[in-house]
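So this one's final.cif, mmCIF, C-alpha atoms and all ligand atoms:
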data_run
#
loop_
_atom_site.label_atom_id
_atom_site.label_comp_id
_atom_site.auth_asym_id
_atom_site.auth_seq_id
_atom_site.Cartn_x
_atom_site.Cartn_y
_atom_site.Cartn_z
CA MET A 1 -108.53 -84.46 -56.98
CA ALA A 2 -105.71 -84.42 -59.51
CA ARG A 3 -105.01 -87.84 -60.98
CA VAL A 4 -101.86 -88.09 -63.08
CA TYR A 5 -101.27 -90.05 -66.26
CA ASN A 6 -98.99 -92.82 -65.02
CA PHE A 7 -96.79 -94.32 -67.74
CA SER A 8 -95.09 -96.78 -65.36
CA ALA A 9 -94.29 -100.28 -66.65
CA GLY A 10 -95.72 -101.71 -63.43
CA PRO A 11 -97.40 -101.48 -61.03
CA ALA A 12 -99.42 -99.43 -63.45
CA MET A 13 -102.65 -97.52 -63.91
CA LEU A 14 -105.96 -99.17 -63.11
CA PRO A 15 -109.25 -98.12 -64.74
CA GLU A 16 -110.81 -95.27 -62.77
CA GLU A 17 -114.18 -97.04 -62.84
CA VAL A 18 -112.59 -100.02 -61.08
CA LEU A 19 -110.96 -97.87 -58.42
CA LYS A 20 -114.25 -96.10 -57.76
CA ARG A 21 -116.12 -99.36 -57.43
CA ALA A 22 -113.49 -100.82 -55.09
CA ALA A 23 -113.73 -97.63 -53.01
CA ALA A 24 -117.53 -97.81 -52.90
CA GLU A 25 -117.43 -101.45 -51.82
CA MET A 26 -114.57 -100.97 -49.36
CA LEU A 27 -116.38 -100.77 -46.03
CA ASP A 28 -119.24 -103.14 -46.72
CA TYR A 29 -118.82 -105.60 -49.55
CA HIS A 30 -122.30 -106.53 -50.83
CA GLY A 31 -123.93 -106.36 -47.41
CA SER A 32 -121.33 -108.59 -45.72
CA GLY A 33 -120.45 -105.77 -43.31
CA GLN A 34 -116.76 -106.10 -44.10
CA SER A 35 -114.21 -105.37 -46.79
CA VAL A 36 -112.76 -108.06 -49.05
CA MET A 37 -109.41 -107.46 -47.29
CA GLU A 38 -110.88 -108.65 -44.02
CA MET A 39 -112.98 -111.63 -45.01
CA SER A 40 -112.12 -115.31 -44.76
CA HIS A 41 -110.87 -116.91 -47.92
CA ARG A 42 -113.01 -119.91 -46.89
CA SER A 43 -116.23 -117.86 -46.78
CA ALA A 44 -119.04 -118.30 -49.26
CA VAL A 45 -118.76 -114.60 -50.15
CA PHE A 46 -115.13 -114.94 -51.15
CA GLN A 47 -115.79 -118.21 -52.98
CA GLY A 48 -118.27 -116.23 -55.07
CA ILE A 49 -115.62 -113.62 -55.85
CA ILE A 50 -112.94 -116.09 -56.97
CA ASP A 51 -115.41 -118.22 -58.95
CA GLN A 52 -116.72 -115.17 -60.78
CA ALA A 53 -113.18 -113.93 -61.49
CA GLU A 54 -112.22 -117.29 -62.99
CA GLN A 55 -115.39 -117.45 -65.10
CA ASP A 56 -114.86 -113.91 -66.37
CA ILE A 57 -111.25 -114.46 -67.46
CA ARG A 58 -112.34 -117.72 -69.12
CA ASP A 59 -115.02 -115.81 -71.03
CA LEU A 60 -112.67 -112.96 -71.98
CA MET A 61 -109.85 -115.17 -73.29
CA GLY A 62 -112.00 -118.06 -74.50
CA ILE A 63 -110.09 -120.49 -72.28
CA PRO A 64 -111.06 -124.07 -73.16
CA ASP A 65 -112.17 -126.53 -70.44
CA ASN A 66 -108.98 -128.56 -70.76
CA TYR A 67 -107.02 -125.64 -69.30
CA GLU A 68 -106.62 -124.89 -65.62
CA VAL A 69 -106.64 -121.24 -64.46
CA LEU A 70 -104.41 -120.82 -61.41
CA PHE A 71 -104.17 -117.72 -59.23
CA LEU A 72 -100.69 -117.94 -57.70
CA GLN A 73 -98.24 -115.87 -55.70
CA GLY A 74 -94.53 -115.24 -56.10
CA GLY A 75 -94.99 -113.06 -59.16
CA ALA A 76 -94.05 -113.90 -62.71
CA SER A 77 -90.52 -114.50 -61.40
CA GLN A 78 -91.63 -117.54 -59.44
CA GLN A 79 -92.98 -119.10 -62.65
CA PHE A 80 -89.43 -118.96 -64.03
CA ALA A 81 -88.71 -121.82 -61.58
CA MET A 82 -92.13 -123.47 -61.27
CA ILE A 83 -92.35 -124.16 -64.99
CA PRO A 84 -89.15 -126.20 -65.34
CA MET A 85 -89.62 -127.83 -61.92
CA ASN A 86 -93.01 -129.14 -62.98
CA ILE A 87 -92.81 -129.84 -66.70
CA MET A 88 -89.13 -130.23 -67.72
CA LYS A 89 -89.41 -134.04 -67.72
CA HIS A 90 -86.57 -134.71 -70.14
CA ARG A 91 -84.53 -132.00 -68.49
CA LYS A 92 -84.37 -130.06 -71.72
CA ALA A 93 -86.10 -126.93 -73.00
CA ALA A 94 -85.58 -124.28 -75.69
CA TYR A 95 -85.52 -120.61 -74.75
CA ILE A 96 -85.76 -117.60 -77.07
CA ILE A 97 -83.88 -114.70 -75.53
CA THR A 98 -85.51 -111.36 -76.35
CA GLY A 99 -84.72 -109.33 -73.24
CA ASN A 100 -84.08 -109.32 -69.50
CA TRP A 101 -87.19 -111.29 -68.52
CA ALA A 102 -86.59 -114.07 -71.04
CA LYS A 103 -82.97 -114.16 -69.95
CA LYS A 104 -83.89 -114.43 -66.28
CA ALA A 105 -86.30 -117.26 -67.02
CA TRP A 106 -83.61 -119.03 -69.08
CA GLN A 107 -81.01 -118.65 -66.33
CA GLU A 108 -83.43 -119.96 -63.70
CA ALA A 109 -84.29 -123.00 -65.85
CA GLN A 110 -80.59 -123.86 -66.12
CA ARG A 111 -80.73 -124.83 -62.45
CA TYR A 112 -83.03 -127.72 -63.33
CA GLY A 113 -81.81 -128.94 -66.68
CA ASP A 114 -80.44 -128.14 -70.07
CA ALA A 115 -82.08 -124.84 -71.04
CA VAL A 116 -80.89 -124.19 -74.58
CA ALA A 117 -80.94 -120.68 -76.02
CA VAL A 118 -82.14 -121.31 -79.59
CA ALA A 119 -82.32 -117.65 -80.64
CA SER A 120 -81.43 -114.26 -79.23
CA SER A 121 -81.62 -110.59 -80.14
CA ALA A 122 -78.91 -109.58 -77.65
CA ASP A 123 -76.64 -108.57 -80.56
CA GLN A 124 -78.72 -105.43 -81.13
CA THR A 125 -79.73 -104.56 -77.57
CA PHE A 126 -82.93 -106.64 -77.91
CA SER A 127 -84.42 -104.11 -80.31
CA TYR A 128 -86.05 -106.76 -82.50
CA ILE A 129 -87.66 -110.23 -82.43
CA PRO A 130 -85.49 -112.89 -84.09
CA ASP A 131 -86.76 -114.94 -87.02
CA CYS A 132 -88.44 -117.91 -85.34
CA SER A 133 -89.61 -119.82 -88.42
CA ASP A 134 -86.95 -122.54 -88.36
CA LEU A 135 -85.13 -122.71 -85.03
CA PRO A 136 -82.78 -125.53 -83.95
CA ILE A 137 -85.18 -126.85 -81.29
CA PRO A 138 -83.88 -130.09 -79.74
CA GLU A 139 -86.16 -133.08 -80.50
CA ASP A 140 -86.47 -133.98 -76.83
CA ALA A 141 -87.14 -130.46 -75.55
CA ASP A 142 -90.12 -130.45 -73.18
CA TYR A 143 -91.18 -126.97 -74.27
CA VAL A 144 -90.25 -123.80 -76.13
CA TYR A 145 -90.24 -120.67 -73.96
CA ILE A 146 -90.90 -117.08 -74.98
CA CYS A 147 -91.47 -113.74 -73.32
CA GLN A 148 -94.21 -112.52 -75.62
CA ASN A 149 -94.05 -108.79 -74.94
CA ASN A 150 -90.73 -107.41 -73.79
CA THR A 151 -91.61 -104.79 -71.22
CA ILE A 152 -88.17 -103.20 -71.06
CA TYR A 153 -87.22 -103.18 -74.74
CA GLY A 154 -90.68 -102.61 -76.21
CA THR A 155 -90.77 -105.49 -78.67
CA THR A 156 -93.53 -108.02 -79.20
CA TYR A 157 -94.11 -111.20 -81.19
CA HIS A 158 -96.64 -110.36 -83.90
CA LYS A 159 -96.38 -114.00 -84.95
CA LEU A 160 -95.74 -116.92 -82.61
CA PRO A 161 -92.62 -119.03 -83.19
CA ASN A 162 -92.72 -122.29 -85.09
CA THR A 163 -92.20 -124.69 -82.18
CA LYS A 164 -92.01 -127.73 -84.48
CA GLY A 165 -94.71 -129.47 -82.51
CA HIS A 166 -93.32 -128.67 -79.07
CA VAL A 167 -95.36 -127.14 -76.27
CA LEU A 168 -95.22 -123.33 -76.22
CA VAL A 169 -94.81 -121.59 -72.86
CA SER A 170 -95.33 -117.83 -72.86
CA ASP A 171 -94.84 -115.03 -70.35
CA VAL A 172 -97.49 -112.44 -71.23
CA SER A 173 -97.07 -110.26 -68.12
CA SER A 174 -97.01 -106.99 -70.03
CA CYS A 175 -99.58 -107.81 -72.74
CA PHE A 176 -102.09 -109.83 -70.68
CA LEU A 177 -105.66 -109.18 -71.92
CA SER A 178 -104.48 -106.46 -74.31
CA GLU A 179 -105.81 -108.33 -77.36
CA PRO A 180 -107.44 -111.66 -78.19
CA VAL A 181 -105.23 -114.75 -78.04
CA ARG A 182 -105.77 -118.35 -79.08
CA VAL A 183 -105.15 -120.15 -75.79
CA GLU A 184 -105.00 -123.45 -77.72
CA ASP A 185 -101.70 -122.32 -79.24
CA TYR A 186 -100.05 -122.51 -75.82
CA GLY A 187 -99.25 -125.17 -73.25
CA ILE A 188 -98.83 -122.52 -70.56
CA ILE A 189 -99.66 -118.84 -70.83
CA TYR A 190 -99.00 -116.81 -67.71
CA GLY A 191 -98.45 -113.32 -66.43
CA GLY A 192 -97.94 -111.22 -63.36
CA VAL A 193 -101.06 -109.08 -63.00
CA GLN A 194 -99.49 -105.78 -61.91
CA LYS A 195 -98.72 -104.62 -65.45
CA ASN A 196 -101.98 -104.80 -67.36
CA VAL A 197 -104.53 -106.46 -65.08
CA GLY A 198 -104.63 -105.49 -61.41
CA PRO A 199 -102.73 -104.70 -58.23
CA ALA A 200 -99.42 -106.46 -57.48
CA GLY A 201 -99.35 -109.76 -55.63
CA MET A 202 -100.48 -112.38 -58.11
CA VAL A 203 -99.58 -114.26 -61.24
CA ILE A 204 -102.24 -116.01 -63.32
CA SER A 205 -101.03 -119.22 -64.93
CA ILE A 206 -103.25 -120.86 -67.55
CA ILE A 207 -102.05 -124.43 -68.02
CA ARG A 208 -103.20 -127.24 -70.30
CA LYS A 209 -104.38 -129.91 -67.87
CA ASP A 210 -102.35 -132.77 -69.34
CA LEU A 211 -99.16 -130.79 -68.59
CA ILE A 212 -99.88 -130.76 -64.85
CA PRO A 213 -98.00 -133.81 -63.60
CA GLU A 214 -98.94 -136.10 -60.71
CA GLU A 215 -95.30 -135.86 -59.72
CA PRO A 216 -93.26 -132.81 -60.76
CA ALA A 217 -90.28 -133.22 -63.09
CA VAL A 218 -87.92 -132.21 -60.30
CA GLU A 219 -87.96 -134.45 -57.25
CA ASN A 220 -88.51 -132.74 -53.90
CA THR A 221 -90.24 -129.75 -55.48
CA PRO A 222 -91.86 -127.96 -52.51
CA THR A 223 -95.60 -128.47 -52.13
CA MET A 224 -96.27 -124.79 -52.80
CA LEU A 225 -94.35 -124.91 -56.09
CA ARG A 226 -96.28 -127.87 -57.53
CA PHE A 227 -98.90 -126.97 -60.11
CA LYS A 228 -100.94 -129.96 -58.92
CA THR A 229 -101.24 -128.57 -55.38
CA HIS A 230 -102.93 -125.44 -56.66
CA ALA A 231 -104.96 -127.13 -59.38
CA ASP A 232 -106.42 -129.67 -56.91
CA ALA A 233 -107.27 -126.89 -54.45
CA HIS A 234 -108.65 -124.49 -57.10
CA SER A 235 -106.11 -121.84 -56.07
CA LEU A 236 -107.20 -122.09 -52.42
CA TYR A 237 -104.55 -124.43 -51.03
CA ASN A 238 -103.43 -121.68 -48.67
CA THR A 239 -104.53 -118.10 -48.09
CA PRO A 240 -104.54 -116.43 -51.50
CA PRO A 241 -104.14 -112.68 -52.16
CA CYS A 242 -107.89 -112.12 -51.72
CA TRP A 243 -107.84 -108.38 -52.41
CA THR A 244 -105.83 -108.77 -55.61
CA ILE A 245 -108.13 -111.51 -56.87
CA TYR A 246 -111.13 -109.27 -56.15
CA VAL A 247 -109.70 -106.22 -57.95
CA CYS A 248 -108.60 -108.35 -60.93
CA GLY A 249 -112.18 -109.61 -61.02
CA LEU A 250 -113.43 -106.02 -61.19
CA VAL A 251 -111.02 -105.39 -64.07
CA PHE A 252 -112.35 -108.47 -65.90
CA GLN A 253 -115.87 -107.10 -65.52
CA TRP A 254 -114.70 -103.71 -66.78
CA LEU A 255 -113.11 -105.38 -69.81
CA LYS A 256 -116.35 -107.23 -70.54
CA GLU A 257 -118.31 -103.98 -70.28
CA MET A 258 -115.83 -102.32 -72.64
CA GLY A 259 -116.66 -104.98 -75.21
CA GLY A 260 -113.95 -107.56 -74.61
CA LEU A 261 -110.46 -108.12 -75.94
CA SER A 262 -111.04 -107.30 -79.61
CA VAL A 263 -112.31 -103.87 -78.60
CA MET A 264 -109.29 -103.47 -76.29
CA LYS A 265 -107.02 -104.37 -79.20
CA GLU A 266 -108.57 -101.64 -81.38
CA ARG A 267 -108.21 -99.10 -78.57
CA ASN A 268 -104.63 -100.13 -77.89
CA GLU A 269 -103.73 -99.94 -81.58
CA LYS A 270 -105.19 -96.47 -81.82
CA LYS A 271 -103.23 -95.25 -78.80
CA ALA A 272 -99.96 -96.82 -79.95
CA LYS A 273 -100.36 -95.46 -83.49
CA LEU A 274 -100.73 -91.92 -82.18
CA LEU A 275 -97.42 -92.19 -80.34
CA TYR A 276 -95.49 -94.11 -83.02
CA ASP A 277 -96.70 -91.77 -85.77
CA PHE A 278 -95.42 -88.85 -83.76
CA LEU A 279 -92.05 -90.55 -83.15
CA ASP A 280 -91.68 -91.37 -86.85
CA GLN A 281 -91.94 -87.73 -87.92
CA SER A 282 -90.08 -86.19 -84.96
CA SER A 283 -86.62 -84.70 -85.41
CA LEU A 284 -85.89 -84.85 -81.67
CA PHE A 285 -87.35 -88.16 -80.44
CA HIS A 286 -86.68 -91.61 -81.92
CA GLY A 287 -88.24 -94.99 -81.24
CA THR A 288 -85.65 -97.66 -80.42
CA VAL A 289 -87.42 -100.75 -81.82
CA ARG A 290 -87.47 -102.20 -85.34
CA PRO A 291 -90.88 -101.01 -86.61
CA GLN A 292 -92.36 -104.43 -87.43
CA ASP A 293 -91.65 -105.68 -83.88
CA ARG A 294 -93.08 -102.73 -81.96
CA SER A 295 -95.13 -103.39 -78.86
CA LEU A 296 -98.61 -101.93 -78.40
CA MET A 297 -97.95 -101.69 -74.66
CA ASN A 298 -94.43 -100.39 -73.98
CA VAL A 299 -92.95 -97.68 -76.17
CA PRO A 300 -89.28 -96.82 -75.54
CA PHE A 301 -87.80 -93.70 -77.15
CA VAL A 302 -84.73 -91.49 -76.83
CA THR A 303 -83.43 -88.10 -77.91
CA GLY A 304 -79.86 -89.36 -78.11
CA ASP A 305 -78.78 -86.81 -75.50
CA LYS A 306 -78.85 -87.90 -71.84
CA GLU A 307 -79.31 -84.41 -70.45
CA MET A 308 -82.14 -83.70 -72.85
CA ASP A 309 -83.79 -87.00 -71.83
CA ALA A 310 -83.51 -86.06 -68.15
CA ALA A 311 -84.93 -82.59 -68.80
CA PHE A 312 -87.83 -84.15 -70.69
CA VAL A 313 -88.63 -86.62 -67.90
CA ALA A 314 -88.55 -83.87 -65.26
CA GLU A 315 -90.71 -81.47 -67.25
CA ALA A 316 -93.17 -84.22 -68.17
CA GLU A 317 -93.63 -84.96 -64.49
CA ARG A 318 -94.41 -81.31 -63.77
CA ASN A 319 -97.13 -81.65 -66.42
CA GLY A 320 -98.79 -84.65 -64.77
CA LEU A 321 -97.15 -87.24 -67.07
CA VAL A 322 -95.30 -89.43 -64.58
CA ASN A 323 -92.96 -92.43 -64.56
CA ILE A 324 -91.83 -91.99 -68.14
CA LYS A 325 -88.13 -92.56 -67.49
CA GLY A 326 -86.77 -95.53 -69.45
CA HIS A 327 -85.40 -98.69 -67.88
CA ARG A 328 -81.76 -98.28 -66.84
CA SER A 329 -80.65 -100.82 -69.47
CA VAL A 330 -82.08 -98.80 -72.39
CA GLY A 331 -82.00 -95.25 -71.01
CA GLY A 332 -84.15 -92.47 -72.42
CA MET A 333 -87.88 -92.77 -71.98
CA ARG A 334 -90.53 -95.46 -71.99
CA ALA A 335 -94.26 -94.90 -72.15
CA SER A 336 -96.24 -97.90 -70.95
CA ILE A 337 -99.73 -97.52 -72.38
CA TYR A 338 -101.65 -100.49 -71.01
CA ASN A 339 -105.42 -101.10 -71.21
CA ALA A 340 -106.18 -98.61 -68.42
CA MET A 341 -104.29 -95.71 -70.04
CA PRO A 342 -106.97 -93.60 -71.72
CA TYR A 343 -106.50 -92.25 -75.25
CA GLU A 344 -106.44 -88.73 -73.76
CA GLY A 345 -103.36 -89.68 -71.73
CA VAL A 346 -101.43 -90.57 -74.87
CA ALA A 347 -102.77 -87.49 -76.66
CA LYS A 348 -101.56 -85.31 -73.75
CA LEU A 349 -98.14 -86.96 -73.95
CA VAL A 350 -97.83 -86.41 -77.70
CA GLU A 351 -98.96 -82.79 -77.34
CA PHE A 352 -96.34 -82.29 -74.64
CA MET A 353 -93.60 -83.95 -76.73
CA ASP A 354 -94.45 -81.70 -79.66
CA ARG A 355 -94.24 -78.59 -77.48
CA PHE A 356 -90.98 -79.75 -75.89
CA GLU A 357 -89.49 -80.42 -79.32
CA LYS A 358 -90.37 -76.93 -80.59
CA GLU A 359 -88.89 -75.33 -77.47
CA HIS A 360 -85.64 -77.29 -77.69
CA ARG A 361 -84.83 -77.17 -81.35
C1 LIG A 401 -92.47 -107.42 -64.74
C2 LIG A 401 -92.22 -108.67 -65.51
C3 LIG A 401 -91.82 -109.86 -64.88
C4 LIG A 401 -91.54 -109.94 -63.40
O1 LIG A 401 -92.72 -109.88 -62.70
P1 LIG A 401 -92.76 -110.07 -61.12
O2 LIG A 401 -94.23 -110.25 -60.88
O3 LIG A 401 -92.21 -108.83 -60.52
O4 LIG A 401 -91.98 -111.28 -60.76
C5 LIG A 401 -91.66 -110.97 -65.66
N1 LIG A 401 -91.88 -110.95 -66.98
C6 LIG A 401 -92.27 -109.81 -67.62
C7 LIG A 401 -92.50 -109.84 -69.09
C8 LIG A 401 -92.46 -108.65 -66.90
O5 LIG A 401 -92.83 -107.53 -67.53
#

Written form, structure tokens:
Amino acid sequence: MARVYNFSAGPAMLPEEVLKRAAAEMLDYHGSGQSVMEMSHRSAVFQGIIDQAEQDIRDLMGIPDNYEVLFLQGGASQQFAMIPMNIMKHRKAAYIITGNWAKKAWQEAQRYGDAVAVASSADQTFSYIPDCSDLPIPEDADYVYICQNNTIYGTTYHKLPNTKGHVLVSDVSSCFLSEPVRVEDYGIIYGGVQKNVGPAGMVISIIRKDLIPEEPAVENTPTMLRFKTHADAHSLYNTPPCWTIYVCGLVFQWLKEMGGLSVMKERNEKKAKLLYDFLDQSSLFHGTVRPQDRSLMNVPFVTGDKEMDAAFVAEAERNGLVNIKGHRSVGGMRASIYNAMPYEGVAKLVEFMDRFEKEHR
């Protein structure tokens, strides 16, 4: 068996221990005689799986009781609409534009109200996080929206914006469970799971209960797009993605066994430092992000020469380092080094980059 180091931005690597356990439990989950993929979402066995998954993510993130944890479908992209449809009561919200995902969320919100862009880093290809200490946030804005870790551009907020008392809504798809967070600082914190948590097919939305309206802000919001529908039914209004919930649950248990989110943060910092330190001394490769805004999860870099970049990507693949091509809007390379990427994977990459540099100088 030859497993590769997969640097994809998502779907991404899962911990090998989790894959092995899922494989071992595939044919007969805990004596039920069936796999989780086959069982009823109304069965007691599955209820146990979803309850345990919710408890484990609550423990990991320290989610207070006044927050709902919803397991939803439609990906992170569906939240771009669900959030304004449910909570944009005054039909106004402030958006901070730090990349494609923030921009998509902002554009979607414009369908439902006045989504105001209060800051942007588009002027320098989203290579930095704007100063968010004193933004012109409208008084009557229902929330301030950020994309906390910018998967494509490789920037991250090392400090949350000053929302001037407004509710903060954050898309954490590509930094979910990568380090401790203070859930209390957010009104909604949500992410698609296929980047740093589990298999594709689910978004987890953690919502302060008082923000879940009896009636959504937008009239005629479909039943399936109402937060209340899913909160009342504890994420079992209709058939949920049972398999994805189960594997995410295994990942939560793995994270607990690893020592929790502060241990993950240390590991992630160590991995990222290895790569950034190499980039900072390299004469061939350059990081594209302002150093103080660098992400621990997604590391874009270039040589400045398209053919050289392409040669690097192809040769990396032959060496078992796959999916390292950058997003088409940045070019070059991007190494996504989520929780499940072992330190050895990053060490292999740096070793390979060093060799490639010496051969191509
Ligand atoms: C990948 C990604 C999305 C889109 O996720 P889908 O689940 O495919 O809709 C949104 N936001 C961020 C930050 C992402 O990285």

Please, which residues have at least one atom within 8 Å of an atom of ligand LIG 401 (chain A), using all atoms listed in the file, listed as a list in words?
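The distance check yields Ala9, Gly10, Gly74, Gly75, Ala76, Ser77, Gln78, Trp101, Ala102, Cys147, Gln148, Asn149, Asn150, Thr151, Ile152, Asp171, Val172, Ser173, Ser174, Gly191, Gly192, Val193, Gln194, Lys195, Ala200, Gly201, Met202 and Val203 of chain A.
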
What does the file look like for those residues with C-alpha atoms, as a compact mmCIF listing (two decimals), in the frame of the given file?
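Output contents, as saved in part_13.txt:
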# COMPACT_ATOMS: atom_id res chain seq x y z
CA ALA A 9 -94.29 -100.28 -66.65
CA GLY A 10 -95.72 -101.71 -63.43
CA GLY A 74 -94.53 -115.24 -56.10
CA GLY A 75 -94.99 -113.06 -59.16
CA ALA A 76 -94.05 -113.90 -62.71
CA SER A 77 -90.52 -114.50 -61.40
CA GLN A 78 -91.63 -117.54 -59.44
CA TRP A 101 -87.19 -111.29 -68.52
CA ALA A 102 -86.59 -114.07 -71.04
CA CYS A 147 -91.47 -113.74 -73.32
CA GLN A 148 -94.21 -112.52 -75.62
CA ASN A 149 -94.05 -108.79 -74.94
CA ASN A 150 -90.73 -107.41 -73.79
CA THR A 151 -91.61 -104.79 -71.22
CA ILE A 152 -88.17 -103.20 -71.06
CA ASP A 171 -94.84 -115.03 -70.35
CA VAL A 172 -97.49 -112.44 -71.23
CA SER A 173 -97.07 -110.26 -68.12
CA SER A 174 -97.01 -106.99 -70.03
CA GLY A 191 -98.45 -113.32 -66.43
CA GLY A 192 -97.94 -111.22 -63.36
CA VAL A 193 -101.06 -109.08 -63.00
CA GLN A 194 -99.49 -105.78 -61.91
CA LYS A 195 -98.72 -104.62 -65.45
CA ALA A 200 -99.42 -106.46 -57.48
CA GLY A 201 -99.35 -109.76 -55.63
CA MET A 202 -100.48 -112.38 -58.11
CA VAL A 203 -99.58 -114.26 -61.24

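Residue nearest A:Cys242, chosen from A:Ile324, A:Ile189, A:Leu72, A:Ile146 and counting all atoms listed in the file: A:Leu72.
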
Let me make sure I understand: among A:Gln253, A:Val330, A:Arg355, A:Leu168, which one has the smallest atom-to-atom distance to A:Arg21 if we use only C-alpha atoms?
A:Gln253

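Closest approach to A:Val36 from the set A:Pro199, A:Ile245, A:Asp280, A:Lys159 is made by A:Ile245, with distances taken over all atoms listed in the file.
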
In Å, with one decimal, what is the gap from atom CA of A:Ser120 to atom CA of A:Val144?
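Computed distance, atom CA of A:Ser120 to atom CA of A:Val144, equals 13.4 Å.
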
Kindly indicate which residue among A:Ala44, A:Ile83, A:Val350, A:Met39 lies nearest to A:Ser205, using all atoms listed in the file for the distances.
A:Ile83

Counting all atoms listed in the file, figure out which residue out of A:Ser121, A:Thr223, A:Asn339, A:Gln47 gets nearest to A:Gly260.
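Under the stated criterion, the closest residue is A:Asn339.
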
Atom CA of A:Ile204 to atom CA of A:Gln73, distance in Å rounded to a single decimal:
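Distance between the two atoms: 8.6 Å.
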
Distance table requested - stretch 160-263 of chain A against stretch 293-314 of chain A, cut-off 9 Å, all atoms listed in the file: one row per qualifying residue with the closest atom pair and its distance in Å to one decimal, ordered by chain and rising residue number, as CSV.
residue,atom,partner,partner_atom,distance
A:Ser174,CA,A:Met297,CA,7.1
A:Cys175,CA,A:Met297,CA,6.6
A:Ser178,CA,A:Met297,CA,8.1
A:Asn196,CA,A:Met297,CA,8.9

One number please: atom CA of A:Arg328 to atom CA of A:Ile96, in Å, one decimal.
22.2 Å

Taking into account all atoms listed in the file, which residue in the set A:Val69, A:Leu274, A:Ala233, A:Leu261 is nearest to A:Glu179?
A:Leu261

Output requested as a CSV table (one decimal), in the coordinates of the input - stretch 259-263 of chain A, filled out with all heavy atoms.
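Saved as out-v8.csv:
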chain,number,residue,atom,x,y,z
A,259,GLY,N,-116.4,-104.3,-74.0
A,259,GLY,CA,-116.7,-105.0,-75.2
A,259,GLY,C,-115.7,-106.1,-75.5
A,259,GLY,O,-115.7,-106.8,-76.5
A,260,GLY,N,-114.8,-106.4,-74.5
A,260,GLY,CA,-114.0,-107.6,-74.6
A,260,GLY,C,-112.6,-107.2,-75.3
A,260,GLY,O,-112.3,-106.1,-75.5
A,261,LEU,N,-111.9,-108.3,-75.6
A,261,LEU,CA,-110.5,-108.1,-75.9
A,261,LEU,C,-110.3,-107.6,-77.4
A,261,LEU,O,-109.3,-106.9,-77.7
A,261,LEU,CB,-109.7,-109.4,-75.7
A,261,LEU,CG,-109.7,-110.0,-74.3
A,261,LEU,CD1,-108.7,-111.1,-74.2
A,261,LEU,CD2,-109.4,-108.9,-73.3
A,262,SER,N,-111.2,-107.9,-78.3
A,262,SER,CA,-111.0,-107.3,-79.6
A,262,SER,C,-111.2,-105.8,-79.6
A,262,SER,O,-110.5,-105.1,-80.3
A,262,SER,CB,-111.9,-108.0,-80.6
A,262,SER,OG,-113.2,-108.1,-80.2
A,263,VAL,N,-112.1,-105.3,-78.8
A,263,VAL,CA,-112.3,-103.9,-78.6
A,263,VAL,C,-111.1,-103.3,-77.9
A,263,VAL,O,-110.6,-102.2,-78.3
A,263,VAL,CB,-113.6,-103.5,-77.8
A,263,VAL,CG1,-113.7,-102.1,-77.4
A,263,VAL,CG2,-114.8,-104.0,-78.5
